Amino acid sequence: MQFHTFNEAYLERLCSGDFRTESHFVAYFSELIQLKLRSRVNSSHTVEDLRQEIFVRVFAALRSEGRLRQPERLGAFVNSVCNNVLLEHYRSSSRESPMEDDASANVPDPSLDVVAILSHKEMEQRVRQVLDELSERDRRLLREIFLEERDKDAVCRDFGVDRDYLRVLLHRAKQAFKAVYLKNISAGIRSTAAS
Amino acid sequence: MDHSESIRLMAAEKYLLGELTPELQEQFEEHFFDCQECALDVRAGAALVEHSKVVLSEPVVVSKPVPVPAKPVRSAWFRPAFIVPVLAALLVVVGYQNLVTYPQLKQAMNSPQILPWASINVSTRGTNTTQISPRAGEGFHLLVNIPPESRYTSYTFNLSSPSGRLEWSRTVPAAASDEARSIYVPGANQEQGTYTLAVRGNTAAGESSDLGHYSIEVQIQK
């Protein structure tokens with residue numbers, strides 16, 4: 001993904017309904033919003049509903065008369081809308097029964113296009129390579145943390161490492177994976193914009 | 001939280017590992033919504049974690065070392081199709097040697113043979129060349145007359161071929177009286193030309209004296 005400067009021109013294109021700019025904006029902030037929502041909401045359906053609600057409100061606010069005055073604060077603005085939507089969700093969900101965990105959380109979106117599927121496969125392949133380059137111990141460590149979701153302190157104790165080791169391990173794996181990730185999300189955005 | 005603080009704190013890694021306090025989490029989220037570099041870090045990290053779950057859930061394929069079939073060198077040699085004819089051929093050779101060759105050799109050894117010979121007097125120093133004409137493949141004798149010489153305890157005979165190569169070398173103890181020694185030169189690999197016999201006398205003190213070089217011209221009969 002290209003780094004776009006959130007400046008006056010970008011904001012102008014976004015408010016005027018420029019499709020490519022809108023596609024970039026939605027793709028860029030969707031992932032951030034989803035990350036933030038997933039740490040607070042269990043259901044993937046709810047995450048998706050909230051994400052859509054956030055974009056509806058953001059676009060409505062941007063196109064209203066008293067729109068955002070500081071384009072460089074676009075990210076902070078989206079975050080604040082996200083906070084508001086989450087707050088409203090907490091209030092409404094406290095009056096309703098808690099939602100069950102969604103079993104389909106990891107099911108790929110059936111609407112994914114060919115480019116997205118290929119991109120997904122390439123990223124998975126790269127992750128496989130990154131993990132293959134790790135020692136057997138580090139692979140097992142990550143497996144117990146991410147897949148089995150064991151208590152991190154207990155895992156670190158079992159493997160005789162500290163939390164810093166875990167962070168550095170993740171940092172290195174992430175750095176090794178980042179180039180492929182960047183390439184694939186750029187292709188994904190181009191594909192979305194072209195369709 | 002600013003960018004340098006998020007880097008210093010390894011905030012992206014802590015966020016992905018769920019290690020940030022609620023306050024720091026809020027602060028970091030506020031930051032990465034505004035910082036594209038940190039946003040990329042978090043997104044790439046989250047994608048890595050998601051894909052890792054898929055990859056790590058795959059059954060570990062332990063690649064068993066493919067057994068390399070031992071080279072059937074021995075078994076190939078010992079296949080009946082090969083070994084039976086070889087053993088049969090060996091049996092024929094051994095049988096022929098025992099029944100034909102060895103009896104003939106034994107008979108030849110025990111039979112008197114008439115061979116050409118030449119005489120060499122060690123005391124005679126001269127340029128005369130002794131001539132001898134054996135048949136092809138036939139050996140000959142050199143009768144070497146050694147005068148009694150009390151100071152030598154042994155004699156050494158060196159025979160060189162016409163090409164100058166040392167054919168053999170022998171040392172024999174000295175006899176008490178005048179004596180003649182017979183040296184048999186075998187016929188195998190015999191060359192036509194002039195052989196040289198060098199005789200040396202050896203004392204008890206380890207000194208060695210050249211007693212003479214004698215030429216033997218061998219003319220092989222066709």
# chains A, B, ... in the order shown; residues from 1 in each chain; ligands from 1
call {"tool": "interface_residues", "arguments": {"of": "chain A", "to": "chain B", "cutoff": "6 Å", "atoms": "only C-alpha atoms", "output": "ChimeraX atom specification"}}
result
/A:75-76,124,143,147,167,174,178
call {"tool": "residues_around", "arguments": {"residues": "Ala188 of chain B", "least_positions_apart": "4", "cutoff": "12 Å", "atoms": "only C-alpha atoms", "output": "NGL selection string"}}
result
:B and (134-140 or 167 or 184 or 192 or 220)
call {"tool": "write_last_selection", "arguments": {"atoms": "N, CA and C atoms", "output": "PDB file, in the first residue's frame"}}
result
ATOM      1  N   PRO B 134      71.496 -69.365 -26.496  1.00  0.00           N
ATOM      2  CA  PRO B 134      70.369 -70.203 -26.051  1.00  0.00           C
ATOM      3  C   PRO B 134      69.196 -70.113 -27.041  1.00  0.00           C
ATOM      4  N   ARG B 135      68.272 -71.073 -26.950  1.00  0.00           N
ATOM      5  CA  ARG B 135      67.061 -70.990 -27.772  1.00  0.00           C
ATOM      6  C   ARG B 135      66.087 -70.023 -27.094  1.00  0.00           C
ATOM      7  N   ALA B 136      65.155 -69.622 -27.857  1.00  0.00           N
ATOM      8  CA  ALA B 136      64.177 -68.663 -27.326  1.00  0.00           C
ATOM      9  C   ALA B 136      63.451 -69.277 -26.135  1.00  0.00           C
ATOM     10  N   GLY B 137      63.440 -68.590 -25.029  1.00  0.00           N
ATOM     11  CA  GLY B 137      62.759 -69.060 -23.827  1.00  0.00           C
ATOM     12  C   GLY B 137      63.603 -70.009 -23.011  1.00  0.00           C
ATOM     13  N   GLU B 138      64.771 -70.320 -23.491  1.00  0.00           N
ATOM     14  CA  GLU B 138      65.631 -71.264 -22.779  1.00  0.00           C
ATOM     15  C   GLU B 138      66.663 -70.504 -21.944  1.00  0.00           C
ATOM     16  N   GLY B 139      66.935 -70.994 -20.741  1.00  0.00           N
ATOM     17  CA  GLY B 139      67.922 -70.333 -19.892  1.00  0.00           C
ATOM     18  C   GLY B 139      69.339 -70.783 -20.230  1.00  0.00           C
ATOM     19  N   PHE B 140      70.291 -70.251 -19.510  1.00  0.00           N
ATOM     20  CA  PHE B 140      71.673 -70.707 -19.694  1.00  0.00           C
ATOM     21  C   PHE B 140      72.421 -70.572 -18.373  1.00  0.00           C
ATOM     22  N   GLU B 167      69.265 -57.085 -13.466  1.00  0.00           N
ATOM     23  CA  GLU B 167      68.341 -58.220 -13.521  1.00  0.00           C
ATOM     24  C   GLU B 167      68.217 -58.874 -12.152  1.00  0.00           C
ATOM     25  N   TYR B 184      72.521 -69.663 -12.901  1.00  0.00           N
ATOM     26  CA  TYR B 184      71.522 -69.979 -13.916  1.00  0.00           C
ATOM     27  C   TYR B 184      70.757 -68.696 -14.264  1.00  0.00           C
ATOM     28  N   GLN B 192      68.057 -60.261 -26.246  1.00  0.00           N
ATOM     29  CA  GLN B 192      69.254 -60.499 -27.057  1.00  0.00           C
ATOM     30  C   GLN B 192      70.173 -59.293 -26.920  1.00  0.00           C
ATOM     31  N   ILE B 220      70.066 -65.109 -29.178  1.00  0.00           N
ATOM     32  CA  ILE B 220      68.942 -66.051 -29.040  1.00  0.00           C
ATOM     33  C   ILE B 220      68.674 -66.715 -30.373  1.00  0.00           C
TER      34      ILE B 220
END
call {"tool": "select_by_dssp", "arguments": {"residues": "segment 20-174 of chain B", "states": "strand (DSSP E)", "output": "ChimeraX atom specification"}}
result
/B:117-121,129-132,140-146,152-160,166-173
call {"tool": "decode", "arguments": {"residues": "segment 67-195 of chain B", "atoms": "C-alpha atoms", "output": "CSV table (one decimal), in the first residue's frame"}}
result
chain,number,residue,atom,x,y,z
B,67,PRO,CA,15.6,-45.3,2.8
B,68,VAL,CA,18.2,-45.5,0.2
B,69,PRO,CA,18.4,-49.0,-1.1
B,70,ALA,CA,21.8,-50.4,-0.5
B,71,LYS,CA,23.8,-50.8,-3.6
B,72,PRO,CA,23.5,-54.4,-4.5
B,73,VAL,CA,27.1,-54.8,-5.3
B,74,ARG,CA,27.7,-58.0,-3.4
B,75,SER,CA,24.4,-59.5,-4.3
B,76,ALA,CA,25.0,-58.7,-8.0
B,77,TRP,CA,28.3,-60.5,-7.9
B,78,PHE,CA,26.7,-63.5,-6.2
B,79,ARG,CA,23.8,-63.9,-8.5
B,80,PRO,CA,23.7,-67.5,-9.8
B,81,ALA,CA,23.6,-66.3,-13.4
B,82,PHE,CA,27.1,-64.8,-12.8
B,83,ILE,CA,28.7,-66.9,-10.1
B,84,VAL,CA,27.9,-70.4,-11.5
B,85,PRO,CA,29.8,-69.9,-14.9
B,86,VAL,CA,32.6,-68.2,-13.1
B,87,LEU,CA,33.0,-71.1,-10.6
B,88,ALA,CA,32.7,-73.6,-13.4
B,89,ALA,CA,35.5,-71.8,-15.3
B,90,LEU,CA,37.7,-71.6,-12.2
B,91,LEU,CA,37.1,-75.3,-11.7
B,92,VAL,CA,38.3,-76.1,-15.3
B,93,VAL,CA,41.4,-73.9,-14.8
B,94,VAL,CA,42.3,-75.5,-11.5
B,95,GLY,CA,41.7,-79.0,-12.9
B,96,TYR,CA,43.9,-78.3,-15.9
B,97,GLN,CA,46.7,-77.0,-13.7
B,98,ASN,CA,46.5,-80.0,-11.4
B,99,LEU,CA,46.2,-82.6,-14.1
B,100,VAL,CA,48.3,-81.2,-16.9
B,101,THR,CA,50.5,-78.2,-16.1
B,102,TYR,CA,51.9,-79.1,-12.7
B,103,PRO,CA,52.8,-82.7,-13.6
B,104,GLN,CA,54.6,-81.4,-16.7
B,105,LEU,CA,56.5,-78.9,-14.6
B,106,LYS,CA,57.3,-81.5,-12.0
B,107,GLN,CA,58.5,-83.8,-14.7
B,108,ALA,CA,60.6,-81.1,-16.3
B,109,MET,CA,62.2,-80.2,-12.9
B,110,ASN,CA,63.1,-83.8,-12.3
B,111,SER,CA,64.5,-84.5,-15.7
B,112,PRO,CA,68.0,-83.6,-16.7
B,113,GLN,CA,68.3,-80.7,-19.0
B,114,ILE,CA,71.0,-79.8,-21.4
B,115,LEU,CA,71.5,-76.0,-21.5
B,116,PRO,CA,74.1,-73.8,-23.0
B,117,TRP,CA,76.7,-72.4,-20.7
B,118,ALA,CA,79.7,-70.0,-20.6
B,119,SER,CA,82.7,-69.8,-18.4
B,120,ILE,CA,83.9,-66.7,-16.7
B,121,ASN,CA,87.2,-66.5,-14.8
B,122,VAL,CA,87.0,-63.8,-12.3
B,123,SER,CA,90.7,-63.4,-12.0
B,124,THR,CA,91.0,-62.7,-15.8
B,125,ARG,CA,90.7,-59.0,-16.5
B,126,GLY,CA,90.2,-58.3,-20.2
B,127,THR,CA,87.9,-57.1,-22.8
B,128,ASN,CA,86.9,-60.5,-24.2
B,129,THR,CA,83.2,-61.0,-24.4
B,130,THR,CA,81.8,-64.5,-23.7
B,131,GLN,CA,79.3,-65.6,-26.3
B,132,ILE,CA,76.3,-67.8,-25.7
B,133,SER,CA,73.4,-68.9,-27.9
B,134,PRO,CA,70.4,-70.2,-26.1
B,135,ARG,CA,67.1,-71.0,-27.8
B,136,ALA,CA,64.2,-68.7,-27.3
B,137,GLY,CA,62.8,-69.1,-23.8
B,138,GLU,CA,65.6,-71.3,-22.8
B,139,GLY,CA,67.9,-70.3,-19.9
B,140,PHE,CA,71.7,-70.7,-19.7
B,141,HIS,CA,74.4,-71.2,-17.1
B,142,LEU,CA,77.4,-69.1,-16.3
B,143,LEU,CA,80.2,-71.0,-14.7
B,144,VAL,CA,82.1,-68.4,-12.6
B,145,ASN,CA,85.5,-69.4,-11.4
B,146,ILE,CA,86.6,-67.5,-8.3
B,147,PRO,CA,90.2,-67.8,-7.2
B,148,PRO,CA,90.8,-68.4,-3.5
B,149,GLU,CA,91.1,-65.1,-1.7
B,150,SER,CA,91.3,-65.4,2.0
B,151,ARG,CA,90.4,-61.8,2.7
B,152,TYR,CA,86.9,-62.1,1.2
B,153,THR,CA,84.2,-63.6,3.2
B,154,SER,CA,81.5,-63.3,0.5
B,155,TYR,CA,81.0,-62.4,-3.1
B,156,THR,CA,78.3,-60.4,-4.7
B,157,PHE,CA,77.1,-61.0,-8.3
B,158,ASN,CA,75.2,-58.4,-10.2
B,159,LEU,CA,73.7,-59.2,-13.6
B,160,SER,CA,72.6,-56.4,-15.8
B,161,SER,CA,70.6,-56.8,-19.0
B,162,PRO,CA,71.6,-55.4,-22.4
B,163,SER,CA,69.5,-52.3,-21.6
B,164,GLY,CA,71.5,-51.7,-18.4
B,165,ARG,CA,68.8,-52.8,-16.0
B,166,LEU,CA,69.9,-54.8,-13.0
B,167,GLU,CA,68.3,-58.2,-13.5
B,168,TRP,CA,69.3,-59.6,-10.2
B,169,SER,CA,71.9,-59.4,-7.4
B,170,ARG,CA,73.0,-62.3,-5.2
B,171,THR,CA,75.6,-62.5,-2.4
B,172,VAL,CA,77.1,-65.9,-1.6
B,173,PRO,CA,79.6,-66.9,1.1
B,174,ALA,CA,83.2,-67.5,0.1
B,175,ALA,CA,84.3,-71.2,0.1
B,176,ALA,CA,87.5,-72.4,1.7
B,177,SER,CA,89.2,-73.5,-1.6
B,178,ASP,CA,89.2,-72.7,-5.2
B,179,GLU,CA,85.7,-72.9,-6.5
B,180,ALA,CA,83.4,-72.6,-9.4
B,181,ARG,CA,79.9,-71.2,-9.1
B,182,SER,CA,77.1,-71.9,-11.5
B,183,ILE,CA,74.7,-69.0,-12.1
B,184,TYR,CA,71.5,-70.0,-13.9
B,185,VAL,CA,70.0,-67.2,-16.0
B,186,PRO,CA,66.4,-68.1,-16.7
B,187,GLY,CA,65.0,-67.9,-20.3
B,188,ALA,CA,61.9,-65.9,-19.5
B,189,ASN,CA,62.1,-62.3,-20.5
B,190,GLN,CA,65.5,-62.9,-21.9
B,191,GLU,CA,66.8,-60.2,-24.2
B,192,GLN,CA,69.3,-60.5,-27.1
B,193,GLY,CA,72.4,-58.4,-26.5
B,194,THR,CA,75.3,-58.1,-24.1
B,195,TYR,CA,74.7,-58.9,-20.5
